[in-house]
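Structure file my_file-v9.txt (compact mmCIF, C-alpha atoms) follows.
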# COMPACT_ATOMS: atom_id res chain seq x y z
CA MET A 1 111.34 -72.15 -45.46
CA SER A 2 108.36 -70.50 -47.21
CA ALA A 3 108.33 -66.68 -46.96
CA GLY A 4 111.54 -66.89 -44.95
CA LEU A 5 109.71 -68.01 -41.80
CA PRO A 6 111.36 -70.55 -39.51
CA ALA A 7 109.20 -73.68 -39.38
CA VAL A 8 107.68 -75.56 -36.46
CA GLY A 9 106.68 -79.06 -37.48
CA TYR A 10 103.48 -80.39 -35.96
CA VAL A 11 101.79 -83.77 -35.83
CA GLY A 12 98.03 -84.12 -35.62
CA ALA A 13 95.03 -81.85 -36.11
CA ASP A 14 94.79 -81.19 -32.35
CA VAL A 15 97.80 -78.84 -32.46
CA PRO A 16 96.56 -75.21 -32.24
CA VAL A 17 98.39 -73.88 -35.27
CA GLU A 18 97.20 -70.35 -34.49
CA LEU A 19 99.75 -70.17 -31.68
CA ILE A 20 102.60 -71.07 -34.03
CA THR A 21 101.52 -68.40 -36.50
CA ALA A 22 101.14 -65.85 -33.69
CA ALA A 23 104.73 -66.53 -32.63
CA GLY A 24 105.96 -65.49 -36.08
CA LEU A 25 106.67 -69.07 -37.15
CA LEU A 26 105.45 -71.28 -39.98
CA PRO A 27 103.21 -74.17 -38.87
CA LEU A 28 104.30 -77.12 -41.02
CA ARG A 29 102.17 -80.25 -40.69
CA LEU A 30 104.40 -83.30 -40.86
CA ALA A 31 103.21 -85.97 -43.26
CA GLY A 32 104.69 -89.37 -43.85
CA LYS A 33 105.73 -90.64 -47.26
CA PRO A 34 104.32 -93.99 -48.42
CA GLY A 35 106.85 -96.25 -50.08
CA GLU A 36 109.85 -94.45 -48.62
CA ASP A 37 112.30 -96.44 -46.49
CA SER A 38 111.43 -96.13 -42.79
CA THR A 39 114.23 -98.19 -41.29
CA LEU A 40 115.22 -95.52 -38.76
CA GLY A 41 111.67 -95.02 -37.57
CA ASP A 42 111.16 -98.77 -37.36
CA ARG A 43 114.31 -99.04 -35.24
CA TYR A 44 112.97 -96.71 -32.55
CA LEU A 45 109.22 -97.35 -32.74
CA GLY A 46 109.10 -100.99 -33.83
CA HIS A 47 107.03 -102.53 -36.61
CA GLY A 48 103.81 -102.68 -34.57
CA VAL A 49 103.15 -98.91 -34.69
CA ASP A 50 101.13 -97.14 -37.37
CA PRO A 51 103.45 -96.75 -40.40
CA VAL A 52 102.61 -93.03 -40.63
CA ALA A 53 104.34 -92.36 -37.28
CA ARG A 54 107.33 -94.49 -38.30
CA SER A 55 107.64 -92.58 -41.57
CA ILE A 56 107.41 -89.20 -39.83
CA LEU A 57 110.09 -90.15 -37.30
CA THR A 58 112.36 -91.34 -40.11
CA ARG A 59 111.92 -88.09 -41.99
CA ILE A 60 112.66 -86.02 -38.88
CA LEU A 61 115.84 -88.00 -38.23
CA THR A 62 117.00 -87.73 -41.85
CA GLY A 63 116.13 -84.05 -42.26
CA GLY A 64 113.38 -84.78 -44.75
CA TYR A 65 111.38 -81.72 -43.71
CA GLY A 66 114.26 -79.30 -43.84
CA PRO A 67 115.33 -77.31 -40.77
CA LEU A 68 112.77 -77.27 -37.97
CA GLU A 69 112.82 -74.89 -35.03
CA ALA A 70 110.70 -77.27 -32.96
CA VAL A 71 108.23 -80.13 -33.20
CA VAL A 72 104.81 -80.06 -31.52
CA VAL A 73 102.98 -83.39 -31.25
CA SER A 74 99.32 -83.77 -30.34
CA ARG A 75 97.99 -86.68 -28.36
CA ASP A 76 95.44 -87.41 -31.07
CA CYS A 77 96.15 -91.15 -31.15
CA GLU A 78 98.43 -93.77 -29.61
CA ALA A 79 100.88 -93.65 -32.52
CA SER A 80 101.39 -89.89 -32.12
CA LEU A 81 102.01 -90.34 -28.41
CA ARG A 82 104.57 -93.07 -29.12
CA LEU A 83 106.25 -90.73 -31.60
CA PHE A 84 106.50 -88.00 -28.96
CA TYR A 85 108.00 -90.38 -26.39
CA ALA A 86 110.56 -91.58 -28.93
CA LEU A 87 111.62 -88.02 -29.79
CA ARG A 88 111.85 -87.05 -26.13
CA GLU A 89 113.97 -90.09 -25.31
CA LEU A 90 116.25 -89.51 -28.31
CA HIS A 91 116.92 -86.02 -26.94
CA ARG A 92 118.08 -87.62 -23.70
CA VAL A 93 120.14 -90.55 -24.94
CA GLU A 94 121.40 -89.35 -28.32
CA PRO A 95 122.04 -85.58 -28.03
CA GLU A 96 124.48 -85.79 -30.93
CA LEU A 97 121.45 -86.08 -33.24
CA ARG A 98 120.73 -82.39 -32.52
CA LEU A 99 117.00 -82.85 -32.83
CA PRO A 100 114.73 -79.81 -32.50
CA PRO A 101 112.98 -79.34 -29.15
CA VAL A 102 109.73 -81.30 -28.89
CA ARG A 103 106.51 -80.49 -27.05
CA LEU A 104 103.34 -82.51 -26.42
CA VAL A 105 99.92 -80.85 -26.45
CA ASP A 106 97.09 -82.85 -24.92
CA VAL A 107 93.64 -81.82 -26.13
CA LEU A 108 90.68 -83.70 -24.70
CA HIS A 109 87.30 -83.82 -26.44
CA LEU A 110 84.77 -84.48 -23.68
CA PRO A 111 81.83 -82.04 -23.65
CA HIS A 112 82.42 -80.75 -20.10
CA HIS A 113 83.39 -77.39 -18.61
CA THR A 114 86.18 -79.14 -16.71
CA THR A 115 87.54 -80.35 -20.04
CA THR A 116 87.46 -76.78 -21.36
CA ARG A 117 89.52 -75.62 -18.38
CA TYR A 118 92.01 -78.44 -18.92
CA VAL A 119 92.41 -77.73 -22.64
CA HIS A 120 92.65 -73.99 -21.98
CA ALA A 121 95.48 -74.62 -19.51
CA LYS A 122 97.34 -76.80 -22.03
CA ILE A 123 96.99 -74.16 -24.75
CA ALA A 124 98.21 -71.44 -22.36
CA GLN A 125 101.27 -73.58 -21.59
CA LEU A 126 102.01 -74.08 -25.28
CA ARG A 127 101.59 -70.34 -25.84
CA GLU A 128 104.17 -69.64 -23.14
CA TRP A 129 106.56 -72.26 -24.55
CA LEU A 130 106.34 -70.82 -28.07
CA GLY A 131 107.01 -67.42 -26.56
CA ARG A 132 110.71 -68.32 -26.46
CA TRP A 133 110.73 -67.47 -30.19
CA ARG A 134 108.47 -64.43 -29.89
CA PRO A 135 106.15 -63.51 -27.01
CA ILE A 136 102.55 -63.94 -28.14
CA GLY A 137 100.46 -60.89 -27.29
CA ASP A 138 96.68 -60.91 -27.33
CA ASP A 139 96.63 -58.89 -30.57
CA ASP A 140 99.03 -61.37 -32.20
CA LEU A 141 96.79 -64.26 -31.16
CA ALA A 142 93.60 -62.53 -32.31
CA ALA A 143 95.11 -61.82 -35.73
CA ALA A 144 96.30 -65.42 -36.11
CA ILE A 145 92.90 -66.85 -35.12
CA THR A 146 91.15 -64.57 -37.60
CA ALA A 147 93.57 -65.52 -40.38
CA HIS A 148 93.21 -69.28 -39.81
CA ASP A 149 89.43 -69.02 -39.61
CA THR A 150 89.48 -67.20 -42.96
CA LEU A 151 91.47 -70.12 -44.39
CA ARG A 152 88.96 -72.60 -42.96
CA ARG A 153 86.08 -70.78 -44.62
CA SER A 154 87.94 -70.77 -47.94
CA LEU A 155 88.51 -74.52 -47.68
CA GLY A 156 84.83 -74.90 -46.84
CA ARG A 157 83.96 -73.26 -50.16
CA CYS A 158 86.24 -75.77 -51.89
CA ALA A 159 84.38 -78.60 -50.14
CA VAL A 160 81.11 -77.24 -51.53
CA LEU A 161 82.72 -77.17 -54.97
CA ARG A 162 83.69 -80.83 -54.60
CA ARG A 163 80.13 -81.78 -53.63
CA ALA A 164 78.99 -80.05 -56.81
CA ASN A 165 81.30 -82.26 -58.93
CA ARG A 166 83.63 -79.36 -59.72
CA LEU A 167 86.63 -80.80 -57.86
CA SER A 168 87.81 -84.38 -57.50
CA GLY A 169 88.59 -85.91 -54.14
CA THR A 170 92.25 -86.27 -55.13
CA GLU A 171 92.47 -82.58 -56.04
CA PHE A 172 90.71 -81.62 -52.83
CA LEU A 173 92.97 -83.69 -50.56
CA THR A 174 96.07 -82.39 -52.35
CA LEU A 175 94.86 -78.82 -51.83
CA VAL A 176 94.18 -79.30 -48.12
CA ALA A 177 97.63 -80.85 -47.62
CA ALA A 178 99.26 -77.96 -49.50
CA THR A 179 97.63 -75.41 -47.18
CA THR A 180 99.27 -77.08 -44.17
CA ARG A 181 102.71 -76.26 -45.59
CA LEU A 182 102.19 -72.57 -46.40
CA PRO A 183 101.90 -69.37 -44.37
CA VAL A 184 98.23 -68.85 -43.62
CA THR A 185 97.71 -65.90 -46.00
CA ALA A 186 99.34 -67.77 -48.89
CA ALA A 187 97.29 -70.87 -48.05
CA THR A 188 94.08 -68.84 -48.16
CA ALA A 189 95.02 -67.32 -51.51
CA LEU A 190 95.63 -70.82 -52.89
CA ALA A 191 92.27 -72.10 -51.63
CA ASP A 192 90.50 -69.05 -53.06
CA ARG A 193 92.04 -69.69 -56.49
CA VAL A 194 90.84 -73.30 -56.43
CA ALA A 195 87.37 -72.21 -55.26
CA ALA A 196 87.03 -70.15 -58.45
CA GLY A 197 85.96 -73.36 -60.19
CA SER A 198 87.20 -76.14 -62.44
CA PRO A 199 85.75 -78.56 -65.04
CA GLU A 200 83.07 -81.00 -63.95
CA VAL A 201 84.17 -84.46 -62.84
CA GLU A 202 82.15 -87.67 -62.72
CA GLY A 203 82.09 -90.96 -60.84
CA VAL A 204 80.14 -93.05 -58.35
CA ARG A 205 79.83 -90.82 -55.30
CA LEU A 206 81.84 -92.37 -52.48
CA PHE A 207 82.18 -91.32 -48.85
CA LEU A 208 85.49 -92.40 -47.31
CA THR A 209 85.71 -93.24 -43.61
CA GLY A 210 88.32 -94.97 -41.47
CA SER A 211 92.00 -94.06 -41.28
CA SER A 212 93.35 -90.61 -42.11
CA HIS A 213 95.13 -89.93 -45.42
CA ASP A 214 98.15 -87.63 -45.56
CA ASP A 215 98.83 -88.82 -49.12
CA PRO A 216 96.41 -88.90 -52.09
CA GLY A 217 97.38 -92.41 -53.23
CA VAL A 218 94.21 -94.16 -52.07
CA TYR A 219 92.01 -91.34 -53.39
CA LYS A 220 93.68 -91.58 -56.79
CA THR A 221 93.23 -95.36 -56.95
CA LEU A 222 89.55 -95.00 -56.13
CA GLU A 223 89.00 -92.27 -58.69
CA ASP A 224 90.98 -94.09 -61.37
CA ASN A 225 88.47 -96.92 -60.94
CA GLY A 226 85.27 -94.98 -61.47
CA PHE A 227 84.57 -93.50 -58.04
CA LEU A 228 84.44 -89.87 -56.96
CA VAL A 229 85.44 -89.21 -53.34
CA VAL A 230 82.88 -86.56 -52.39
CA GLY A 231 83.45 -86.61 -48.63
CA GLU A 232 85.48 -88.06 -45.78
CA ASP A 233 85.60 -87.92 -42.00
CA HIS A 234 89.32 -87.84 -41.26
CA ASP A 235 91.46 -84.93 -40.12
CA TRP A 236 93.40 -84.39 -43.35
CA GLY A 237 90.04 -83.69 -44.98
CA GLU A 238 86.94 -81.81 -43.90
CA LEU A 239 87.41 -82.48 -40.17
CA LEU A 240 90.51 -80.28 -40.32
CA PHE A 241 88.60 -77.08 -41.06
CA ALA A 242 84.91 -77.69 -40.37
CA ARG A 243 84.89 -75.75 -37.08
CA THR A 244 85.96 -72.12 -36.60
CA CYS A 245 86.54 -70.12 -33.41
CA ALA A 246 83.62 -68.30 -31.80
CA ALA A 247 85.88 -65.34 -30.96
CA PRO A 248 89.55 -64.34 -31.44
CA THR A 249 90.49 -65.25 -27.86
CA GLU A 250 92.54 -67.92 -26.12
CA LEU A 251 89.43 -69.39 -24.47
CA ALA A 252 87.56 -69.61 -27.77
CA LEU A 253 90.63 -71.27 -29.28
CA ALA A 254 90.56 -73.90 -26.52
CA GLU A 255 86.86 -74.52 -27.13
CA ARG A 256 87.42 -74.85 -30.87
CA TYR A 257 89.97 -77.63 -30.43
CA GLN A 258 88.06 -79.28 -27.60
CA HIS A 259 84.93 -79.64 -29.73
CA ASN A 260 86.66 -80.42 -33.03
CA GLY A 261 86.16 -83.89 -34.46
CA PRO A 262 84.94 -86.55 -34.06
CA ALA A 263 88.09 -88.43 -35.12
CA ALA A 264 88.20 -92.22 -35.06
CA PRO A 265 90.89 -92.71 -32.37
CA ARG A 266 89.22 -90.52 -29.70
CA ALA A 267 85.47 -90.39 -30.35
CA SER A 268 82.76 -92.85 -29.37
CA ILE A 269 81.25 -95.26 -31.85
CA ARG A 270 77.91 -93.44 -31.56
CA GLN A 271 79.49 -90.04 -32.25
CA ARG A 272 81.34 -91.34 -35.27
CA ALA A 273 78.27 -93.03 -36.72
CA ALA A 274 76.09 -89.93 -36.34
CA HIS A 275 78.75 -87.68 -37.88
CA THR A 276 79.46 -90.04 -40.78
CA ALA A 277 75.75 -90.41 -41.57
CA ALA A 278 75.16 -86.65 -41.58
CA ALA A 279 78.27 -85.95 -43.67
CA ALA A 280 77.45 -88.70 -46.19
CA ARG A 281 73.92 -87.33 -46.61
CA ALA A 282 75.25 -83.79 -47.10
CA CYS A 283 77.34 -84.88 -50.10
CA ASP A 284 74.76 -87.29 -51.58
CA ALA A 285 77.08 -90.27 -51.26
CA GLU A 286 76.08 -93.52 -52.93
CA VAL A 287 78.69 -95.80 -51.34
CA LEU A 288 80.37 -95.88 -47.92
CA PHE A 289 83.94 -97.20 -47.94
CA SER A 290 85.88 -97.81 -44.72
CA TYR A 291 89.64 -97.90 -45.26
CA ALA A 292 91.58 -99.09 -42.19
CA ARG A 293 95.36 -98.91 -42.42
CA VAL A 294 97.54 -101.63 -40.92
CA HIS A 295 98.06 -101.03 -37.16
CA ASP A 296 95.19 -98.53 -37.07
CA ASP A 297 92.74 -100.45 -34.92
CA ALA A 298 89.98 -97.88 -34.29
CA PRO A 299 88.09 -97.77 -37.65
CA PRO A 300 86.87 -101.40 -37.74
CA TRP A 301 85.08 -100.85 -34.42
CA ASP A 302 83.16 -97.91 -35.92
CA PHE A 303 82.15 -99.54 -39.18
CA PRO A 304 79.04 -101.59 -38.23
CA ALA A 305 77.37 -98.55 -36.63
CA GLN A 306 78.37 -96.31 -39.54
CA ARG A 307 76.91 -98.80 -42.02
CA ALA A 308 73.64 -98.94 -40.09
CA ALA A 309 73.43 -95.15 -39.65
CA THR A 310 74.10 -94.28 -43.29
CA GLY A 311 71.93 -96.99 -44.85
CA LEU A 312 74.33 -96.97 -47.79
CA ARG A 313 75.96 -99.89 -49.56
CA ALA A 314 79.03 -100.19 -47.35
CA VAL A 315 82.36 -101.93 -47.94
CA PRO A 316 85.15 -102.37 -45.35
CA ALA A 317 88.84 -102.79 -46.11
CA GLU A 318 91.01 -103.66 -43.11
CA ARG A 319 94.80 -103.90 -42.63
CA GLN A 320 95.56 -101.91 -45.75
CA PRO A 321 99.14 -100.82 -46.55
CA TYR A 322 100.04 -97.19 -45.93
CA GLY A 323 98.97 -95.04 -48.88
CA GLU A 324 97.74 -97.98 -50.94
CA LEU A 325 94.66 -100.06 -51.63
CA THR A 326 95.12 -103.79 -52.13
CA GLY A 327 93.73 -105.53 -55.17
CA ASP A 328 91.38 -107.59 -53.00
CA ALA A 329 89.97 -104.46 -51.33
CA LEU A 330 89.41 -102.80 -54.68
CA ALA A 331 87.77 -105.94 -56.08
CA ALA A 332 85.37 -106.02 -53.12
CA LEU A 333 84.48 -102.38 -53.70
CA LEU A 334 84.06 -102.38 -57.48
CA PRO A 335 80.74 -104.28 -57.52
CA ALA A 336 79.38 -101.56 -55.22
CA GLY A 337 80.38 -98.98 -57.80
CA VAL A 338 78.77 -100.91 -60.62
CA ALA A 339 75.58 -101.48 -58.67
CA GLY A 340 75.54 -97.92 -57.27

Let me see the structure of the file written as structure tokens.
Amino acid sequence: MSAGLPAVGYVGADVPVELITAAGLLPLRLAGKPGEDSTLGDRYLGHGVDPVARSILTRILTGGYGPLEAVVVSRDCEASLRLFYALRELHRVEPELRLPPVRLVDVLHLPHHTTTRYVHAKIAQLREWLGRWRPIGDDDLAAAITAHDTLRRSLGRCAVLRRANRLSGTEFLTLVAATTRLPVTAATALADRVAAGSPEVEGVRLFLTGSSHDDPGVYKTLEDNGFLVVGEDHDWGELLFARTCAAPTELALAERYQHNGPAAPRASIRQRAAHTAAAARACDAEVLFSYARVHDDAPPWDFPAQRAATGLRAVPAERQPYGELTGDALAALLPAGVAG
């Protein structure tokens, strides 16, 4: 793996990657691959689960990520939880697969002190579990928190660059994904190089809401058709790095993940609408586009409130294929671009 570090694959933005770094391991966010055969994942998860989870399971089973020391799955949505259960059961019934050990981390996002205590306990348990590779001392954890917060600030500067038309949405999403596959210091160096600036780009300013995107395919389609994705509210984009830790401590780490979001599967409709409206205003969006992937049922519930809160011309696209935008969805959106 990169820099010779053994990798721990993780699923979902609720996984505290600082703990993986502090244990001397490489946090490797597991992405699916649109268009790739997912027969194995379909066999164990069925066709009614989000295709991202089915693709990730397939790639784990086929070794598509290379050697993994372990897999940590967050309970960020129902599909991730189903993926965890499938991996745990495969350990039990098919030991010959020699799958890496798997761990679930359950981060809740309610604004209560009792929630903080719960999340803190779950993070402490994960810290102890990762200690089988290397015990995580307080100094190790503090250094890892500081390093990941530095990366988040660097990505924040890239987001400002995008809002200033100096970075396309496709370039931005590709950069963010790349930083989830590198050691934190290398990821920060990459983000800093991008933040140095690039040629100006143009297009109708579009804010993307709905499902998450671990692949730039939809962004590229939008930008090839005259739009410029200047913002989004999913956890492969700005939600991934918008919040830093208040202090380099385990408690502050728990609070950071507790209050991160709001992501579509676990936040209220009101929270999502308020966040989307504020984020769309911050990047001077002209059009709101809600992309809902097949078997991702949360985004359509949010859309009416988001449309009302933003006051923008708003276009929904439901039941879209993984990593793609149908011709009908694009046709519905294009008049908004022309009129915008």

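Counting all atoms listed in the file, the residue from A:Lys33, A:Arg266, A:Arg152, A:Arg98 that sits nearest to Thr179 of chain A is A:Arg152.
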
Nearby residues (only C-alpha atoms) at most 10 Å from Val201 of chain A, same-chain spacing under 5 positions excluded, as a PyMOL selection string:
chain A and resi 162+164-169+228

Counting all atoms listed in the file, closest pick from A:Phe207, A:Val184, A:Tyr65, A:Pro216 relative to Thr146 of chain A is A:Val184

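Here the question is which of A:Tyr219, A:Phe289, A:Phe241, A:Tyr10 gets nearest to Asp149 of chain A using only C-alpha atoms, and that residue is A:Phe241.
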
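Closest to Val15 of chain A among A:Arg103, A:His213, A:Arg54, A:Arg281 is A:Arg103, based on only C-alpha atoms.
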
Contacts of segment 253-284 of chain A with segment 109-129 of chain A up to 6 Å, shortest pair per row, only C-alpha atoms, as JSON lines:
{"residue": "A:Ala254", "atom": "CA", "partner": "A:His120", "partner_atom": "CA", "distance": 5.0}
{"residue": "A:Gln258", "atom": "CA", "partner": "A:His109", "partner_atom": "CA", "distance": 4.7}
{"residue": "A:His259", "atom": "CA", "partner": "A:His109", "partner_atom": "CA", "distance": 5.8}

Just want the 6 Å neighbourhood of segment 186-194 of chain A, counted on all atoms listed in the file, with same-chain residues fewer than 5 positions away dropped. Output as a PyMOL selection string.
chain A and resi 151+154-155+179

Please report the interatomic distance between atom CA of Ala285 of chain A and atom CA of Thr310 of chain A in Å with one decimal.
9.4 Å

List as a list in words the residues having at least one atom at most 12 Å from position (79.3, -76.1, -54.5) as given in the file, counting only C-alpha atoms.
Leu155, Gly156, Arg157, Cys158, Ala159, Val160, Leu161, Arg162, Arg163, Ala164, Asn165, Arg166, Leu167, Ala195, Ala196, Gly197, Ser198, Glu200, Val230, Ala282 and Cys283 of chain A

List as a PyMOL selection string the protein and nucleic acid residues near Ala267 of chain A, meaning an atom at most 12 Å away when all atoms listed in the file are counted, but skip any in the same chain fewer than 2 places from it.
chain A and resi 76-77+108-111+233-234+258-265+269-275+298-299+301-302

Where atoms are absent from segment 90-100 of chain A, fill them in so it carries all heavy atoms, then output it as a PDB file, keeping the file's coordinate frame.
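As a result, selection-v7.pdb now contains:
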ATOM      1  N   LEU A  90     115.080 -89.724 -27.453  1.00  0.00           N
ATOM      2  CA  LEU A  90     116.250 -89.510 -28.310  1.00  0.00           C
ATOM      3  C   LEU A  90     116.993 -88.234 -27.905  1.00  0.00           C
ATOM      4  O   LEU A  90     118.223 -88.174 -27.989  1.00  0.00           O
ATOM      5  CB  LEU A  90     115.823 -89.441 -29.774  1.00  0.00           C
ATOM      6  CG  LEU A  90     115.492 -90.792 -30.415  1.00  0.00           C
ATOM      7  CD1 LEU A  90     114.807 -90.593 -31.760  1.00  0.00           C
ATOM      8  CD2 LEU A  90     116.749 -91.633 -30.581  1.00  0.00           C
ATOM      9  N   HIS A  91     116.267 -87.225 -27.466  1.00  0.00           N
ATOM     10  CA  HIS A  91     116.920 -86.020 -26.940  1.00  0.00           C
ATOM     11  C   HIS A  91     117.817 -86.372 -25.764  1.00  0.00           C
ATOM     12  O   HIS A  91     118.924 -85.820 -25.619  1.00  0.00           O
ATOM     13  CB  HIS A  91     115.859 -85.010 -26.483  1.00  0.00           C
ATOM     14  CG  HIS A  91     115.472 -84.015 -27.530  1.00  0.00           C
ATOM     15  ND1 HIS A  91     116.263 -82.939 -27.873  1.00  0.00           N
ATOM     16  CD2 HIS A  91     114.378 -83.940 -28.317  1.00  0.00           C
ATOM     17  CE1 HIS A  91     115.665 -82.248 -28.816  1.00  0.00           C
ATOM     18  NE2 HIS A  91     114.526 -82.836 -29.118  1.00  0.00           N
ATOM     19  N   ARG A  92     117.353 -87.286 -24.930  1.00  0.00           N
ATOM     20  CA  ARG A  92     118.080 -87.620 -23.700  1.00  0.00           C
ATOM     21  C   ARG A  92     119.282 -88.513 -23.968  1.00  0.00           C
ATOM     22  O   ARG A  92     120.373 -88.263 -23.443  1.00  0.00           O
ATOM     23  CB  ARG A  92     117.133 -88.302 -22.710  1.00  0.00           C
ATOM     24  CG  ARG A  92     117.761 -88.554 -21.330  1.00  0.00           C
ATOM     25  CD  ARG A  92     116.773 -89.262 -20.419  1.00  0.00           C
ATOM     26  NE  ARG A  92     116.554 -90.636 -20.823  1.00  0.00           N
ATOM     27  CZ  ARG A  92     117.357 -91.653 -20.470  1.00  0.00           C
ATOM     28  NH1 ARG A  92     118.435 -91.434 -19.735  1.00  0.00           N
ATOM     29  NH2 ARG A  92     117.072 -92.881 -20.865  1.00  0.00           N
ATOM     30  N   VAL A  93     119.090 -89.542 -24.810  1.00  0.00           N
ATOM     31  CA  VAL A  93     120.140 -90.550 -24.940  1.00  0.00           C
ATOM     32  C   VAL A  93     121.037 -90.354 -26.155  1.00  0.00           C
ATOM     33  O   VAL A  93     122.125 -90.922 -26.216  1.00  0.00           O
ATOM     34  CB  VAL A  93     119.523 -91.970 -24.971  1.00  0.00           C
ATOM     35  CG1 VAL A  93     118.738 -92.244 -23.702  1.00  0.00           C
ATOM     36  CG2 VAL A  93     118.643 -92.171 -26.195  1.00  0.00           C
ATOM     37  N   GLU A  94     120.583 -89.578 -27.140  1.00  0.00           N
ATOM     38  CA  GLU A  94     121.400 -89.350 -28.320  1.00  0.00           C
ATOM     39  C   GLU A  94     121.443 -87.856 -28.673  1.00  0.00           C
ATOM     40  O   GLU A  94     120.979 -87.427 -29.738  1.00  0.00           O
ATOM     41  CB  GLU A  94     120.869 -90.166 -29.513  1.00  0.00           C
ATOM     42  CG  GLU A  94     120.918 -91.675 -29.282  1.00  0.00           C
ATOM     43  CD  GLU A  94     120.657 -92.485 -30.550  1.00  0.00           C
ATOM     44  OE1 GLU A  94     121.070 -92.038 -31.631  1.00  0.00           O
ATOM     45  OE2 GLU A  94     120.030 -93.560 -30.434  1.00  0.00           O
ATOM     46  N   PRO A  95     122.020 -87.036 -27.780  1.00  0.00           N
ATOM     47  CA  PRO A  95     122.040 -85.580 -28.030  1.00  0.00           C
ATOM     48  C   PRO A  95     122.818 -85.202 -29.280  1.00  0.00           C
ATOM     49  O   PRO A  95     122.606 -84.127 -29.835  1.00  0.00           O
ATOM     50  CB  PRO A  95     122.703 -85.023 -26.759  1.00  0.00           C
ATOM     51  CG  PRO A  95     123.472 -86.184 -26.185  1.00  0.00           C
ATOM     52  CD  PRO A  95     122.667 -87.394 -26.507  1.00  0.00           C
ATOM     53  N   GLU A  96     123.701 -86.097 -29.727  1.00  0.00           N
ATOM     54  CA  GLU A  96     124.480 -85.790 -30.930  1.00  0.00           C
ATOM     55  C   GLU A  96     123.598 -85.695 -32.183  1.00  0.00           C
ATOM     56  O   GLU A  96     124.028 -85.149 -33.211  1.00  0.00           O
ATOM     57  CB  GLU A  96     125.569 -86.835 -31.144  1.00  0.00           C
ATOM     58  CG  GLU A  96     125.100 -88.249 -31.473  1.00  0.00           C
ATOM     59  CD  GLU A  96     124.717 -89.069 -30.245  1.00  0.00           C
ATOM     60  OE1 GLU A  96     124.720 -88.505 -29.126  1.00  0.00           O
ATOM     61  OE2 GLU A  96     124.430 -90.267 -30.408  1.00  0.00           O
ATOM     62  N   LEU A  97     122.368 -86.201 -32.109  1.00  0.00           N
ATOM     63  CA  LEU A  97     121.450 -86.080 -33.240  1.00  0.00           C
ATOM     64  C   LEU A  97     120.999 -84.635 -33.467  1.00  0.00           C
ATOM     65  O   LEU A  97     120.541 -84.288 -34.548  1.00  0.00           O
ATOM     66  CB  LEU A  97     120.219 -86.974 -33.033  1.00  0.00           C
ATOM     67  CG  LEU A  97     120.450 -88.480 -33.044  1.00  0.00           C
ATOM     68  CD1 LEU A  97     119.155 -89.214 -32.712  1.00  0.00           C
ATOM     69  CD2 LEU A  97     120.974 -88.929 -34.408  1.00  0.00           C
ATOM     70  N   ARG A  98     121.117 -83.811 -32.437  1.00  0.00           N
ATOM     71  CA  ARG A  98     120.730 -82.390 -32.520  1.00  0.00           C
ATOM     72  C   ARG A  98     119.308 -82.219 -33.040  1.00  0.00           C
ATOM     73  O   ARG A  98     119.041 -81.428 -33.952  1.00  0.00           O
ATOM     74  CB  ARG A  98     121.724 -81.610 -33.391  1.00  0.00           C
ATOM     75  CG  ARG A  98     123.157 -81.640 -32.856  1.00  0.00           C
ATOM     76  CD  ARG A  98     124.079 -80.748 -33.666  1.00  0.00           C
ATOM     77  NE  ARG A  98     125.439 -80.808 -33.156  1.00  0.00           N
ATOM     78  CZ  ARG A  98     125.900 -80.087 -32.130  1.00  0.00           C
ATOM     79  NH1 ARG A  98     125.088 -79.249 -31.515  1.00  0.00           N
ATOM     80  NH2 ARG A  98     127.153 -80.204 -31.729  1.00  0.00           N
ATOM     81  N   LEU A  99     118.404 -82.954 -32.438  1.00  0.00           N
ATOM     82  CA  LEU A  99     117.000 -82.850 -32.830  1.00  0.00           C
ATOM     83  C   LEU A  99     116.398 -81.545 -32.310  1.00  0.00           C
ATOM     84  O   LEU A  99     116.832 -81.013 -31.283  1.00  0.00           O
ATOM     85  CB  LEU A  99     116.214 -84.029 -32.269  1.00  0.00           C
ATOM     86  CG  LEU A  99     116.555 -85.390 -32.870  1.00  0.00           C
ATOM     87  CD1 LEU A  99     115.856 -86.495 -32.097  1.00  0.00           C
ATOM     88  CD2 LEU A  99     116.153 -85.443 -34.335  1.00  0.00           C
ATOM     89  N   PRO A 100     115.394 -81.005 -32.996  1.00  0.00           N
ATOM     90  CA  PRO A 100     114.730 -79.810 -32.500  1.00  0.00           C
ATOM     91  C   PRO A 100     113.974 -80.103 -31.204  1.00  0.00           C
ATOM     92  O   PRO A 100     113.604 -81.257 -30.950  1.00  0.00           O
ATOM     93  CB  PRO A 100     113.765 -79.435 -33.628  1.00  0.00           C
ATOM     94  CG  PRO A 100     113.531 -80.718 -34.357  1.00  0.00           C
ATOM     95  CD  PRO A 100     114.817 -81.480 -34.263  1.00  0.00           C
TER      96      PRO A 100
END
